[in-house]
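Just query37.cif here, mmCIF, N, CA and C atoms:
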data_run
loop_
_atom_site.label_atom_id
_atom_site.label_comp_id
_atom_site.auth_asym_id
_atom_site.auth_seq_id
_atom_site.Cartn_x
_atom_site.Cartn_y
_atom_site.Cartn_z
N MET A 1317 14.45 6.07 -0.37
CA MET A 1317 15.09 4.85 -0.74
C MET A 1317 15.62 4.22 0.54
N LYS A 1318 15.32 2.93 0.74
CA LYS A 1318 15.79 2.23 1.92
C LYS A 1318 17.19 1.71 1.67
N GLU A 1319 18.06 1.98 2.58
CA GLU A 1319 19.41 1.46 2.50
C GLU A 1319 19.99 1.46 3.89
N TRP A 1320 21.01 0.70 4.08
CA TRP A 1320 21.68 0.72 5.35
C TRP A 1320 23.17 0.60 5.12
N ILE A 1321 23.90 0.96 6.13
CA ILE A 1321 25.36 0.92 6.03
C ILE A 1321 25.87 -0.13 7.01
N THR A 1322 26.71 -1.01 6.52
CA THR A 1322 27.34 -2.00 7.39
C THR A 1322 28.84 -1.75 7.36
N LEU A 1323 29.48 -2.13 8.43
CA LEU A 1323 30.94 -2.00 8.50
C LEU A 1323 31.56 -3.37 8.32
N SER A 1324 32.50 -3.45 7.44
CA SER A 1324 33.23 -4.69 7.22
C SER A 1324 34.12 -4.93 8.43
N ALA A 1325 34.07 -6.13 8.98
CA ALA A 1325 34.83 -6.43 10.20
C ALA A 1325 36.33 -6.30 9.98
N SER A 1326 36.81 -6.63 8.78
CA SER A 1326 38.24 -6.62 8.55
C SER A 1326 38.78 -5.23 8.27
N SER A 1327 38.02 -4.39 7.59
CA SER A 1327 38.58 -3.11 7.20
C SER A 1327 37.82 -1.91 7.76
N GLN A 1328 36.67 -2.12 8.35
CA GLN A 1328 35.84 -1.05 8.90
C GLN A 1328 35.50 0.02 7.86
N ILE A 1329 35.36 -0.39 6.59
CA ILE A 1329 34.97 0.51 5.52
C ILE A 1329 33.46 0.41 5.35
N PRO A 1330 32.75 1.51 5.39
CA PRO A 1330 31.30 1.45 5.21
C PRO A 1330 30.94 0.92 3.83
N GLN A 1331 29.94 0.04 3.78
CA GLN A 1331 29.43 -0.50 2.53
C GLN A 1331 27.93 -0.26 2.50
N VAL A 1332 27.44 0.42 1.46
CA VAL A 1332 26.01 0.69 1.33
C VAL A 1332 25.37 -0.48 0.60
N GLN A 1333 24.29 -1.02 1.19
CA GLN A 1333 23.56 -2.12 0.56
C GLN A 1333 22.16 -1.62 0.22
N HIS A 1334 21.81 -1.66 -1.05
CA HIS A 1334 20.49 -1.22 -1.49
C HIS A 1334 19.51 -2.38 -1.43
N LEU A 1335 18.30 -2.08 -1.03
CA LEU A 1335 17.27 -3.10 -0.97
C LEU A 1335 16.55 -3.20 -2.31
N SER A 1336 16.91 -4.13 -3.11
CA SER A 1336 16.24 -4.52 -4.34
C SER A 1336 15.65 -3.36 -5.14
N PHE A 1337 16.51 -2.57 -5.70
CA PHE A 1337 16.09 -1.43 -6.51
C PHE A 1337 15.18 -1.85 -7.65
N LEU A 1338 15.53 -2.91 -8.36
CA LEU A 1338 14.73 -3.35 -9.50
C LEU A 1338 13.35 -3.81 -9.08
N GLU A 1339 13.24 -4.47 -7.95
CA GLU A 1339 11.93 -4.90 -7.45
C GLU A 1339 11.06 -3.70 -7.10
N ARG A 1340 11.64 -2.68 -6.51
CA ARG A 1340 10.88 -1.46 -6.19
C ARG A 1340 10.40 -0.77 -7.46
N GLN A 1341 11.27 -0.71 -8.47
CA GLN A 1341 10.89 -0.09 -9.75
C GLN A 1341 9.78 -0.88 -10.43
N ASP A 1342 9.89 -2.21 -10.43
CA ASP A 1342 8.85 -3.05 -11.03
C ASP A 1342 7.52 -2.85 -10.32
N ALA A 1343 7.54 -2.80 -9.00
CA ALA A 1343 6.30 -2.60 -8.23
C ALA A 1343 5.70 -1.23 -8.54
N ARG A 1344 6.54 -0.21 -8.61
CA ARG A 1344 6.04 1.14 -8.92
C ARG A 1344 5.39 1.16 -10.30
N ARG A 1345 6.02 0.56 -11.29
CA ARG A 1345 5.46 0.52 -12.65
C ARG A 1345 4.15 -0.27 -12.69
N ARG A 1346 4.11 -1.40 -11.97
CA ARG A 1346 2.90 -2.21 -11.92
C ARG A 1346 1.76 -1.40 -11.31
N HIS A 1347 2.04 -0.69 -10.22
CA HIS A 1347 1.01 0.12 -9.58
C HIS A 1347 0.55 1.26 -10.48
N GLU A 1348 1.46 1.83 -11.21
CA GLU A 1348 1.11 2.88 -12.17
C GLU A 1348 0.15 2.35 -13.24
N ARG A 1349 0.46 1.16 -13.78
CA ARG A 1349 -0.42 0.54 -14.78
C ARG A 1349 -1.78 0.19 -14.19
N GLU A 1350 -1.79 -0.39 -13.00
CA GLU A 1350 -3.05 -0.76 -12.36
C GLU A 1350 -3.93 0.47 -12.13
N TYR A 1351 -3.31 1.58 -11.72
CA TYR A 1351 -4.05 2.82 -11.52
C TYR A 1351 -4.65 3.30 -12.84
N GLU A 1352 -3.82 3.33 -13.90
CA GLU A 1352 -4.30 3.80 -15.19
C GLU A 1352 -5.43 2.93 -15.72
N VAL A 1353 -5.32 1.61 -15.57
CA VAL A 1353 -6.38 0.70 -16.01
C VAL A 1353 -7.66 0.97 -15.23
N THR A 1354 -7.55 1.12 -13.92
CA THR A 1354 -8.73 1.38 -13.09
C THR A 1354 -9.41 2.68 -13.51
N VAL A 1355 -8.63 3.74 -13.71
CA VAL A 1355 -9.20 5.03 -14.14
C VAL A 1355 -9.89 4.89 -15.49
N ASN A 1356 -9.25 4.20 -16.43
CA ASN A 1356 -9.81 4.08 -17.78
C ASN A 1356 -11.03 3.17 -17.83
N VAL A 1357 -10.97 2.02 -17.19
CA VAL A 1357 -12.09 1.08 -17.23
C VAL A 1357 -13.33 1.65 -16.54
N LEU A 1358 -13.13 2.31 -15.39
CA LEU A 1358 -14.26 2.85 -14.64
C LEU A 1358 -14.58 4.29 -15.00
N ASN A 1359 -13.82 4.86 -15.93
CA ASN A 1359 -14.02 6.24 -16.36
C ASN A 1359 -13.99 7.20 -15.16
N LEU A 1360 -13.00 6.99 -14.29
CA LEU A 1360 -12.84 7.86 -13.13
C LEU A 1360 -12.24 9.19 -13.56
N PRO A 1361 -12.50 10.25 -12.80
CA PRO A 1361 -12.02 11.58 -13.19
C PRO A 1361 -10.49 11.62 -13.31
N SER A 1362 -10.04 12.34 -14.34
CA SER A 1362 -8.59 12.51 -14.52
C SER A 1362 -8.21 13.97 -14.67
N GLN A 1363 -9.19 14.88 -14.71
CA GLN A 1363 -8.88 16.30 -14.76
C GLN A 1363 -8.69 16.82 -13.34
N HIS A 1364 -7.79 17.76 -13.19
CA HIS A 1364 -7.47 18.35 -11.90
C HIS A 1364 -6.96 17.29 -10.93
N VAL A 1365 -6.24 16.31 -11.46
CA VAL A 1365 -5.73 15.20 -10.67
C VAL A 1365 -4.24 15.02 -10.96
N ALA A 1366 -3.48 14.81 -9.91
CA ALA A 1366 -2.07 14.42 -10.04
C ALA A 1366 -1.92 13.09 -9.31
N SER A 1367 -1.16 12.17 -9.90
CA SER A 1367 -0.96 10.88 -9.24
C SER A 1367 0.52 10.55 -9.19
N GLN A 1368 0.87 9.80 -8.17
CA GLN A 1368 2.26 9.36 -8.01
C GLN A 1368 2.25 7.92 -7.50
N ALA A 1369 2.77 7.02 -8.32
CA ALA A 1369 2.88 5.62 -7.91
C ALA A 1369 4.17 5.42 -7.13
N THR A 1370 4.09 4.60 -6.10
CA THR A 1370 5.26 4.21 -5.33
C THR A 1370 5.30 2.68 -5.33
N PRO A 1371 6.34 2.09 -4.77
CA PRO A 1371 6.38 0.62 -4.72
C PRO A 1371 5.28 0.02 -3.84
N THR A 1372 4.64 0.82 -2.99
CA THR A 1372 3.64 0.27 -2.07
C THR A 1372 2.22 0.74 -2.31
N GLU A 1373 2.02 1.87 -3.04
CA GLU A 1373 0.67 2.40 -3.27
C GLU A 1373 0.70 3.47 -4.35
N VAL A 1374 -0.49 3.98 -4.64
CA VAL A 1374 -0.61 5.12 -5.55
C VAL A 1374 -1.25 6.25 -4.77
N HIS A 1375 -0.64 7.43 -4.85
CA HIS A 1375 -1.20 8.63 -4.21
C HIS A 1375 -1.85 9.47 -5.31
N VAL A 1376 -3.10 9.84 -5.06
CA VAL A 1376 -3.85 10.67 -6.00
C VAL A 1376 -4.20 11.97 -5.28
N PHE A 1377 -3.84 13.08 -5.89
CA PHE A 1377 -4.11 14.39 -5.31
C PHE A 1377 -5.06 15.13 -6.24
N ALA A 1378 -6.18 15.59 -5.69
CA ALA A 1378 -7.20 16.24 -6.51
C ALA A 1378 -7.57 17.58 -5.89
N THR A 1379 -8.10 18.46 -6.73
CA THR A 1379 -8.56 19.76 -6.25
C THR A 1379 -10.07 19.83 -6.16
N ASP A 1380 -10.73 18.73 -6.47
CA ASP A 1380 -12.19 18.69 -6.49
C ASP A 1380 -12.67 17.47 -5.71
N MET A 1381 -13.56 17.67 -4.74
CA MET A 1381 -14.07 16.59 -3.92
C MET A 1381 -14.84 15.55 -4.74
N ASP A 1382 -15.30 15.93 -5.93
CA ASP A 1382 -16.00 14.97 -6.79
C ASP A 1382 -15.10 13.81 -7.20
N VAL A 1383 -13.78 14.04 -7.26
CA VAL A 1383 -12.84 12.96 -7.58
C VAL A 1383 -12.88 11.92 -6.48
N LEU A 1384 -12.79 12.36 -5.22
CA LEU A 1384 -12.84 11.43 -4.10
C LEU A 1384 -14.20 10.72 -4.09
N ALA A 1385 -15.27 11.44 -4.34
CA ALA A 1385 -16.61 10.85 -4.34
C ALA A 1385 -16.74 9.77 -5.43
N ALA A 1386 -16.18 10.02 -6.60
CA ALA A 1386 -16.25 9.03 -7.69
C ALA A 1386 -15.51 7.75 -7.31
N TRP A 1387 -14.32 7.89 -6.74
CA TRP A 1387 -13.56 6.72 -6.30
C TRP A 1387 -14.31 5.98 -5.19
N LEU A 1388 -14.89 6.71 -4.25
CA LEU A 1388 -15.64 6.08 -3.16
C LEU A 1388 -16.83 5.31 -3.72
N TYR A 1389 -17.55 5.90 -4.66
CA TYR A 1389 -18.71 5.26 -5.26
C TYR A 1389 -18.32 3.98 -6.00
N GLU A 1390 -17.24 4.05 -6.79
CA GLU A 1390 -16.84 2.92 -7.62
C GLU A 1390 -16.08 1.83 -6.86
N MET A 1391 -15.20 2.24 -5.94
CA MET A 1391 -14.29 1.28 -5.33
C MET A 1391 -14.52 1.07 -3.83
N GLY A 1392 -15.32 1.93 -3.20
CA GLY A 1392 -15.52 1.80 -1.76
C GLY A 1392 -14.27 2.21 -1.00
N GLY A 1393 -14.27 1.96 0.28
CA GLY A 1393 -13.12 2.29 1.11
C GLY A 1393 -13.53 3.09 2.32
N THR A 1394 -12.54 3.56 3.04
CA THR A 1394 -12.78 4.40 4.21
C THR A 1394 -12.09 5.74 4.01
N VAL A 1395 -12.59 6.74 4.71
CA VAL A 1395 -12.06 8.10 4.58
C VAL A 1395 -11.49 8.54 5.91
N SER A 1396 -10.33 9.17 5.86
CA SER A 1396 -9.76 9.81 7.04
C SER A 1396 -9.66 11.30 6.74
N LYS A 1397 -9.61 12.09 7.78
CA LYS A 1397 -9.42 13.53 7.56
C LYS A 1397 -8.40 14.04 8.55
N THR A 1398 -7.59 14.96 8.05
CA THR A 1398 -6.52 15.55 8.84
C THR A 1398 -6.65 17.06 8.77
N GLU A 1399 -6.83 17.68 9.92
CA GLU A 1399 -6.94 19.14 9.96
C GLU A 1399 -5.54 19.73 10.05
N LEU A 1400 -5.27 20.65 9.16
CA LEU A 1400 -3.97 21.31 9.12
C LEU A 1400 -4.06 22.65 9.84
N PRO A 1401 -2.97 23.14 10.40
CA PRO A 1401 -3.01 24.42 11.10
C PRO A 1401 -3.23 25.62 10.17
N THR A 1402 -3.20 25.39 8.87
CA THR A 1402 -3.36 26.48 7.91
C THR A 1402 -4.80 26.74 7.53
N GLY A 1403 -5.75 26.06 8.19
CA GLY A 1403 -7.15 26.27 7.89
C GLY A 1403 -7.71 25.35 6.83
N PHE A 1404 -6.98 24.31 6.50
CA PHE A 1404 -7.44 23.31 5.54
C PHE A 1404 -7.60 21.98 6.24
N THR A 1405 -8.50 21.18 5.70
CA THR A 1405 -8.64 19.78 6.11
C THR A 1405 -8.38 18.93 4.88
N VAL A 1406 -7.52 17.92 5.03
CA VAL A 1406 -7.23 17.01 3.93
C VAL A 1406 -8.07 15.75 4.15
N TRP A 1407 -8.93 15.47 3.19
CA TRP A 1407 -9.77 14.29 3.20
C TRP A 1407 -9.09 13.24 2.34
N THR A 1408 -8.89 12.03 2.88
CA THR A 1408 -8.19 10.98 2.14
C THR A 1408 -9.00 9.70 2.14
N LEU A 1409 -9.30 9.22 0.94
CA LEU A 1409 -9.97 7.93 0.76
C LEU A 1409 -8.91 6.86 0.67
N HIS A 1410 -9.08 5.80 1.43
CA HIS A 1410 -8.19 4.63 1.41
C HIS A 1410 -8.94 3.53 0.65
N THR A 1411 -8.49 3.24 -0.55
CA THR A 1411 -9.17 2.27 -1.40
C THR A 1411 -8.11 1.46 -2.14
N GLN A 1412 -8.47 0.90 -3.30
CA GLN A 1412 -7.52 0.09 -4.07
C GLN A 1412 -7.87 0.13 -5.54
N THR A 1413 -6.98 -0.43 -6.35
CA THR A 1413 -7.24 -0.54 -7.78
C THR A 1413 -8.16 -1.73 -8.04
N LEU A 1414 -8.54 -1.92 -9.29
CA LEU A 1414 -9.33 -3.10 -9.66
C LEU A 1414 -8.57 -4.36 -9.29
N LEU A 1415 -9.27 -5.43 -9.13
CA LEU A 1415 -8.67 -6.66 -8.62
C LEU A 1415 -8.01 -7.52 -9.69
N ASP A 1416 -7.72 -6.98 -10.87
CA ASP A 1416 -7.03 -7.75 -11.91
C ASP A 1416 -5.69 -8.28 -11.39
N ALA A 1417 -5.09 -7.54 -10.49
CA ALA A 1417 -3.80 -7.96 -9.95
C ALA A 1417 -3.94 -9.26 -9.17
N VAL A 1418 -5.06 -9.46 -8.51
CA VAL A 1418 -5.27 -10.67 -7.71
C VAL A 1418 -5.26 -11.89 -8.62
N ALA A 1419 -5.86 -11.78 -9.80
CA ALA A 1419 -5.87 -12.89 -10.75
C ALA A 1419 -4.44 -13.25 -11.18
N ALA A 1420 -3.55 -12.28 -11.16
CA ALA A 1420 -2.16 -12.52 -11.53
C ALA A 1420 -1.33 -12.96 -10.33
N GLY A 1421 -1.98 -13.21 -9.20
CA GLY A 1421 -1.26 -13.67 -8.02
C GLY A 1421 -0.67 -12.55 -7.18
N LYS A 1422 -1.07 -11.33 -7.42
CA LYS A 1422 -0.55 -10.20 -6.66
C LYS A 1422 -1.71 -9.52 -5.94
N ASP A 1423 -1.40 -8.77 -4.89
CA ASP A 1423 -2.43 -8.02 -4.19
C ASP A 1423 -2.84 -6.81 -5.00
N ALA A 1424 -4.11 -6.39 -4.84
CA ALA A 1424 -4.54 -5.14 -5.46
C ALA A 1424 -3.72 -4.01 -4.86
N CYS A 1425 -3.49 -2.99 -5.65
CA CYS A 1425 -2.66 -1.86 -5.23
C CYS A 1425 -3.49 -0.88 -4.39
N PRO A 1426 -3.02 -0.54 -3.19
CA PRO A 1426 -3.71 0.49 -2.41
C PRO A 1426 -3.65 1.84 -3.13
N VAL A 1427 -4.76 2.58 -3.04
CA VAL A 1427 -4.84 3.92 -3.62
C VAL A 1427 -5.30 4.87 -2.54
N LEU A 1428 -4.59 5.99 -2.40
CA LEU A 1428 -4.96 7.03 -1.44
C LEU A 1428 -5.34 8.27 -2.24
N VAL A 1429 -6.63 8.63 -2.19
CA VAL A 1429 -7.13 9.78 -2.93
C VAL A 1429 -7.31 10.92 -1.93
N SER A 1430 -6.55 12.01 -2.08
CA SER A 1430 -6.57 13.11 -1.12
C SER A 1430 -7.06 14.40 -1.77
N VAL A 1431 -7.90 15.12 -1.01
CA VAL A 1431 -8.44 16.40 -1.47
C VAL A 1431 -8.41 17.38 -0.30
N PRO A 1432 -7.80 18.55 -0.47
CA PRO A 1432 -7.84 19.56 0.59
C PRO A 1432 -9.09 20.44 0.44
N LEU A 1433 -9.71 20.74 1.57
CA LEU A 1433 -10.84 21.67 1.60
C LEU A 1433 -10.62 22.64 2.74
N LEU A 1434 -11.22 23.81 2.63
CA LEU A 1434 -11.20 24.72 3.77
C LEU A 1434 -11.86 24.03 4.95
N THR A 1435 -11.27 24.15 6.12
CA THR A 1435 -11.83 23.53 7.31
C THR A 1435 -13.24 24.06 7.54
N GLY A 1436 -14.18 23.15 7.78
CA GLY A 1436 -15.56 23.52 8.01
C GLY A 1436 -16.44 23.50 6.79
N GLU A 1437 -15.84 23.36 5.59
CA GLU A 1437 -16.64 23.27 4.37
C GLU A 1437 -17.47 22.00 4.42
N PRO A 1438 -18.72 22.07 3.97
CA PRO A 1438 -19.55 20.86 3.98
C PRO A 1438 -19.08 19.86 2.92
N VAL A 1439 -19.28 18.58 3.22
CA VAL A 1439 -18.97 17.52 2.26
C VAL A 1439 -20.21 16.66 2.10
N MET A 1440 -20.22 15.86 1.04
CA MET A 1440 -21.35 14.97 0.78
C MET A 1440 -21.54 14.00 1.95
N GLN A 1441 -22.77 13.64 2.21
CA GLN A 1441 -23.10 12.76 3.32
C GLN A 1441 -22.37 11.41 3.21
N GLU A 1442 -22.24 10.86 2.00
CA GLU A 1442 -21.57 9.59 1.82
C GLU A 1442 -20.11 9.65 2.23
N ILE A 1443 -19.47 10.79 2.00
CA ILE A 1443 -18.07 10.94 2.41
C ILE A 1443 -17.98 11.07 3.92
N ALA A 1444 -18.85 11.86 4.52
CA ALA A 1444 -18.86 12.00 5.98
C ALA A 1444 -19.13 10.65 6.65
N GLU A 1445 -20.04 9.85 6.08
CA GLU A 1445 -20.34 8.54 6.66
C GLU A 1445 -19.16 7.59 6.51
N ALA A 1446 -18.39 7.72 5.45
CA ALA A 1446 -17.21 6.86 5.26
C ALA A 1446 -16.16 7.17 6.32
N VAL A 1447 -16.14 8.41 6.83
CA VAL A 1447 -15.23 8.77 7.93
C VAL A 1447 -15.70 8.09 9.19
N ARG A 1448 -17.00 8.16 9.46
CA ARG A 1448 -17.54 7.56 10.67
C ARG A 1448 -17.36 6.05 10.67
N ALA A 1449 -17.41 5.42 9.48
CA ALA A 1449 -17.28 3.97 9.38
C ALA A 1449 -15.85 3.51 9.63
N ALA A 1450 -14.91 4.42 9.51
CA ALA A 1450 -13.50 4.04 9.62
C ALA A 1450 -13.09 3.66 11.02
#
Encoded form (structure tokens):
Amino acid sequence: MKEWITLSASSQIPQVQHLSFLERQDARRRHEREYEVTVNVLNLPSQHVASQATPTEVHVFATDMDVLAAWLYEMGGTVSKTELPTGFTVWTLHTQTLLDAVAAGKDACPVLVSVPLLTGEPVMQEIAEAVRAA
């Protein structure tokens, strides 16, 4: 949660000012709905998937690389990979929800689909090429 503390010049008492809590909640709910609509309309995988909407994007965590592949096939995007010191590589697709939000005057919601794999495990050529294109 973003907040800052200011000191009142007259009393030097700290005052916490919150940055638009209701706007952040509305954005999170909108992103949650956009994600659910995208998954349902495109019949994207929902098993072995956890998602978390935030005011700025939706994070999707999957245990199967087929989830990332389905999103890449349907929505496009670029893939990044991060090697962890624990012997895993996290593959993350950077994409978005359906563009219904644009018709309503809002930007499409960014979606980050992440899947951990053992480092060195082979991945589909389309996913590897999406990394190179990034």
| query | On this structure, which residues satisfy the PyMOL selection byres (((chain A and resi 1347 and name CA) around 12) and name CA), written as a PyMOL selection string? | reply | chain A and resi 1340-1346+1348-1354+1367-1375+1412-1417+1422-1427
Please produce a file of the residues just selected, as an mmCIF file, keeping the file's coordinate frame, where the atoms kept are N, CA and C atoms.
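Output saved as again29.cif:
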data_model
loop_
_atom_site.group_PDB
_atom_site.id
_atom_site.type_symbol
_atom_site.label_atom_id
_atom_site.label_comp_id
_atom_site.auth_asym_id
_atom_site.auth_seq_id
_atom_site.Cartn_x
_atom_site.Cartn_y
_atom_site.Cartn_z
ATOM 1 N N ARG A 1340 11.640 -2.680 -6.510
ATOM 2 C CA ARG A 1340 10.880 -1.460 -6.190
ATOM 3 C C ARG A 1340 10.400 -0.770 -7.460
ATOM 4 N N GLN A 1341 11.270 -0.710 -8.470
ATOM 5 C CA GLN A 1341 10.890 -0.090 -9.750
ATOM 6 C C GLN A 1341 9.780 -0.880 -10.430
ATOM 7 N N ASP A 1342 9.890 -2.210 -10.430
ATOM 8 C CA ASP A 1342 8.850 -3.050 -11.030
ATOM 9 C C ASP A 1342 7.520 -2.850 -10.320
ATOM 10 N N ALA A 1343 7.540 -2.800 -9.000
ATOM 11 C CA ALA A 1343 6.300 -2.600 -8.230
ATOM 12 C C ALA A 1343 5.700 -1.230 -8.540
ATOM 13 N N ARG A 1344 6.540 -0.210 -8.610
ATOM 14 C CA ARG A 1344 6.040 1.140 -8.920
ATOM 15 C C ARG A 1344 5.390 1.160 -10.300
ATOM 16 N N ARG A 1345 6.020 0.560 -11.290
ATOM 17 C CA ARG A 1345 5.460 0.520 -12.650
ATOM 18 C C ARG A 1345 4.150 -0.270 -12.690
ATOM 19 N N ARG A 1346 4.110 -1.400 -11.970
ATOM 20 C CA ARG A 1346 2.900 -2.210 -11.920
ATOM 21 C C ARG A 1346 1.760 -1.400 -11.310
ATOM 22 N N GLU A 1348 1.460 1.830 -11.210
ATOM 23 C CA GLU A 1348 1.110 2.880 -12.170
ATOM 24 C C GLU A 1348 0.150 2.350 -13.240
ATOM 25 N N ARG A 1349 0.460 1.160 -13.780
ATOM 26 C CA ARG A 1349 -0.420 0.540 -14.780
ATOM 27 C C ARG A 1349 -1.780 0.190 -14.190
ATOM 28 N N GLU A 1350 -1.790 -0.390 -13.000
ATOM 29 C CA GLU A 1350 -3.050 -0.760 -12.360
ATOM 30 C C GLU A 1350 -3.930 0.470 -12.130
ATOM 31 N N TYR A 1351 -3.310 1.580 -11.720
ATOM 32 C CA TYR A 1351 -4.050 2.820 -11.520
ATOM 33 C C TYR A 1351 -4.650 3.300 -12.840
ATOM 34 N N GLU A 1352 -3.820 3.330 -13.900
ATOM 35 C CA GLU A 1352 -4.300 3.800 -15.190
ATOM 36 C C GLU A 1352 -5.430 2.930 -15.720
ATOM 37 N N VAL A 1353 -5.320 1.610 -15.570
ATOM 38 C CA VAL A 1353 -6.380 0.700 -16.010
ATOM 39 C C VAL A 1353 -7.660 0.970 -15.230
ATOM 40 N N THR A 1354 -7.550 1.120 -13.920
ATOM 41 C CA THR A 1354 -8.730 1.380 -13.090
ATOM 42 C C THR A 1354 -9.410 2.680 -13.510
ATOM 43 N N SER A 1367 -1.160 12.170 -9.900
ATOM 44 C CA SER A 1367 -0.960 10.880 -9.240
ATOM 45 C C SER A 1367 0.520 10.550 -9.190
ATOM 46 N N GLN A 1368 0.870 9.800 -8.170
ATOM 47 C CA GLN A 1368 2.260 9.360 -8.010
ATOM 48 C C GLN A 1368 2.250 7.920 -7.500
ATOM 49 N N ALA A 1369 2.770 7.020 -8.320
ATOM 50 C CA ALA A 1369 2.880 5.620 -7.910
ATOM 51 C C ALA A 1369 4.170 5.420 -7.130
ATOM 52 N N THR A 1370 4.090 4.600 -6.100
ATOM 53 C CA THR A 1370 5.260 4.210 -5.330
ATOM 54 C C THR A 1370 5.300 2.680 -5.330
ATOM 55 N N PRO A 1371 6.340 2.090 -4.770
ATOM 56 C CA PRO A 1371 6.380 0.620 -4.720
ATOM 57 C C PRO A 1371 5.280 0.020 -3.840
ATOM 58 N N THR A 1372 4.640 0.820 -2.990
ATOM 59 C CA THR A 1372 3.640 0.270 -2.070
ATOM 60 C C THR A 1372 2.220 0.740 -2.310
ATOM 61 N N GLU A 1373 2.020 1.870 -3.040
ATOM 62 C CA GLU A 1373 0.670 2.400 -3.270
ATOM 63 C C GLU A 1373 0.700 3.470 -4.350
ATOM 64 N N VAL A 1374 -0.490 3.980 -4.640
ATOM 65 C CA VAL A 1374 -0.610 5.120 -5.550
ATOM 66 C C VAL A 1374 -1.250 6.250 -4.770
ATOM 67 N N HIS A 1375 -0.640 7.430 -4.850
ATOM 68 C CA HIS A 1375 -1.200 8.630 -4.210
ATOM 69 C C HIS A 1375 -1.850 9.470 -5.310
ATOM 70 N N GLN A 1412 -8.470 0.900 -3.300
ATOM 71 C CA GLN A 1412 -7.520 0.090 -4.070
ATOM 72 C C GLN A 1412 -7.870 0.130 -5.540
ATOM 73 N N THR A 1413 -6.980 -0.430 -6.350
ATOM 74 C CA THR A 1413 -7.240 -0.540 -7.780
ATOM 75 C C THR A 1413 -8.160 -1.730 -8.040
ATOM 76 N N LEU A 1414 -8.540 -1.920 -9.290
ATOM 77 C CA LEU A 1414 -9.330 -3.100 -9.660
ATOM 78 C C LEU A 1414 -8.570 -4.360 -9.290
ATOM 79 N N LEU A 1415 -9.270 -5.430 -9.130
ATOM 80 C CA LEU A 1415 -8.670 -6.660 -8.620
ATOM 81 C C LEU A 1415 -8.010 -7.520 -9.690
ATOM 82 N N ASP A 1416 -7.720 -6.980 -10.870
ATOM 83 C CA ASP A 1416 -7.030 -7.750 -11.910
ATOM 84 C C ASP A 1416 -5.690 -8.280 -11.390
ATOM 85 N N ALA A 1417 -5.090 -7.540 -10.490
ATOM 86 C CA ALA A 1417 -3.800 -7.960 -9.950
ATOM 87 C C ALA A 1417 -3.940 -9.260 -9.170
ATOM 88 N N LYS A 1422 -1.070 -11.330 -7.420
ATOM 89 C CA LYS A 1422 -0.550 -10.200 -6.660
ATOM 90 C C LYS A 1422 -1.710 -9.520 -5.940
ATOM 91 N N ASP A 1423 -1.400 -8.770 -4.890
ATOM 92 C CA ASP A 1423 -2.430 -8.020 -4.190
ATOM 93 C C ASP A 1423 -2.840 -6.810 -5.000
ATOM 94 N N ALA A 1424 -4.110 -6.390 -4.840
ATOM 95 C CA ALA A 1424 -4.540 -5.140 -5.460
ATOM 96 C C ALA A 1424 -3.720 -4.010 -4.860
ATOM 97 N N CYS A 1425 -3.490 -2.990 -5.650
ATOM 98 C CA CYS A 1425 -2.660 -1.860 -5.230
ATOM 99 C C CYS A 1425 -3.490 -0.880 -4.390
ATOM 100 N N PRO A 1426 -3.020 -0.540 -3.190
ATOM 101 C CA PRO A 1426 -3.710 0.490 -2.410
ATOM 102 C C PRO A 1426 -3.650 1.840 -3.130
ATOM 103 N N VAL A 1427 -4.760 2.580 -3.040
ATOM 104 C CA VAL A 1427 -4.840 3.920 -3.620
ATOM 105 C C VAL A 1427 -5.300 4.870 -2.540
#
| request: Name the residues in contact with Thr1405 in chain A at a cut-off of 5 Å, using only N, CA and C atoms, excluding same-chain residues fewer than 4 positions from it; report them as a list in words. | output: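 Residues near the query, excluding close chain neighbours: Thr1398, Glu1399, Leu1400, Pro1432, Leu1433, Leu1434 and Thr1435 of chain A.
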| request: Would you write out, as a list in words, every residue that the PyMOL selection byres ((chain A and resi 1362-1364) around 7) captures in this file? | output: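 Matching residues under the PyMOL selection byres ((chain A and resi 1362-1364) around 7) are Asn1359, Leu1360, Pro1361, Val1365, Ala1366, Phe1377, Ala1378, Thr1379 and Asp1380 of chain A.
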| said: I need the residues of range 1333-1368 of chain A that end up classed as alpha helix (DSSP H) by DSSP on the backbone, written out as a PyMOL selection string. | reply: chain A and resi 1337-1358
| task | Run the PyMOL selection byres ((chain A and resi 1387) around 8) on the file and write out the hits as a PyMOL selection string. | result | chain A and resi 1360-1361+1381-1386+1388-1393+1409+1411-1412+1429
| message | To one decimal place in Å, what is the distance between CA of Glu1339 in chain A and CA of Leu1358 in chain A? | response |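 Between CA of Glu1339 in chain A and CA of Leu1358 in chain A the gap is 28.2 Å.
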| message | Just list as a PyMOL selection string whatever in range 1335-1443 of chain A DSSP marks as strand (DSSP E). | response | chain A and resi 1365-1369+1374-1378+1394-1399+1404-1412+1426-1434
| request: Work out how far apart CA of Thr1408 in chain A and atom N of Arg1448 in chain A are and give it in Å to one decimal. | output: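 Atom N of Arg1448 in chain A lies at a distance of 11.8 Å from CA of Thr1408 in chain A.
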| remark: Closest of A:Ser1336, A:Leu1428, A:Val1447, A:Val1355 to Thr1394 in chain A, counting all atoms listed in the file, is A:Val1447
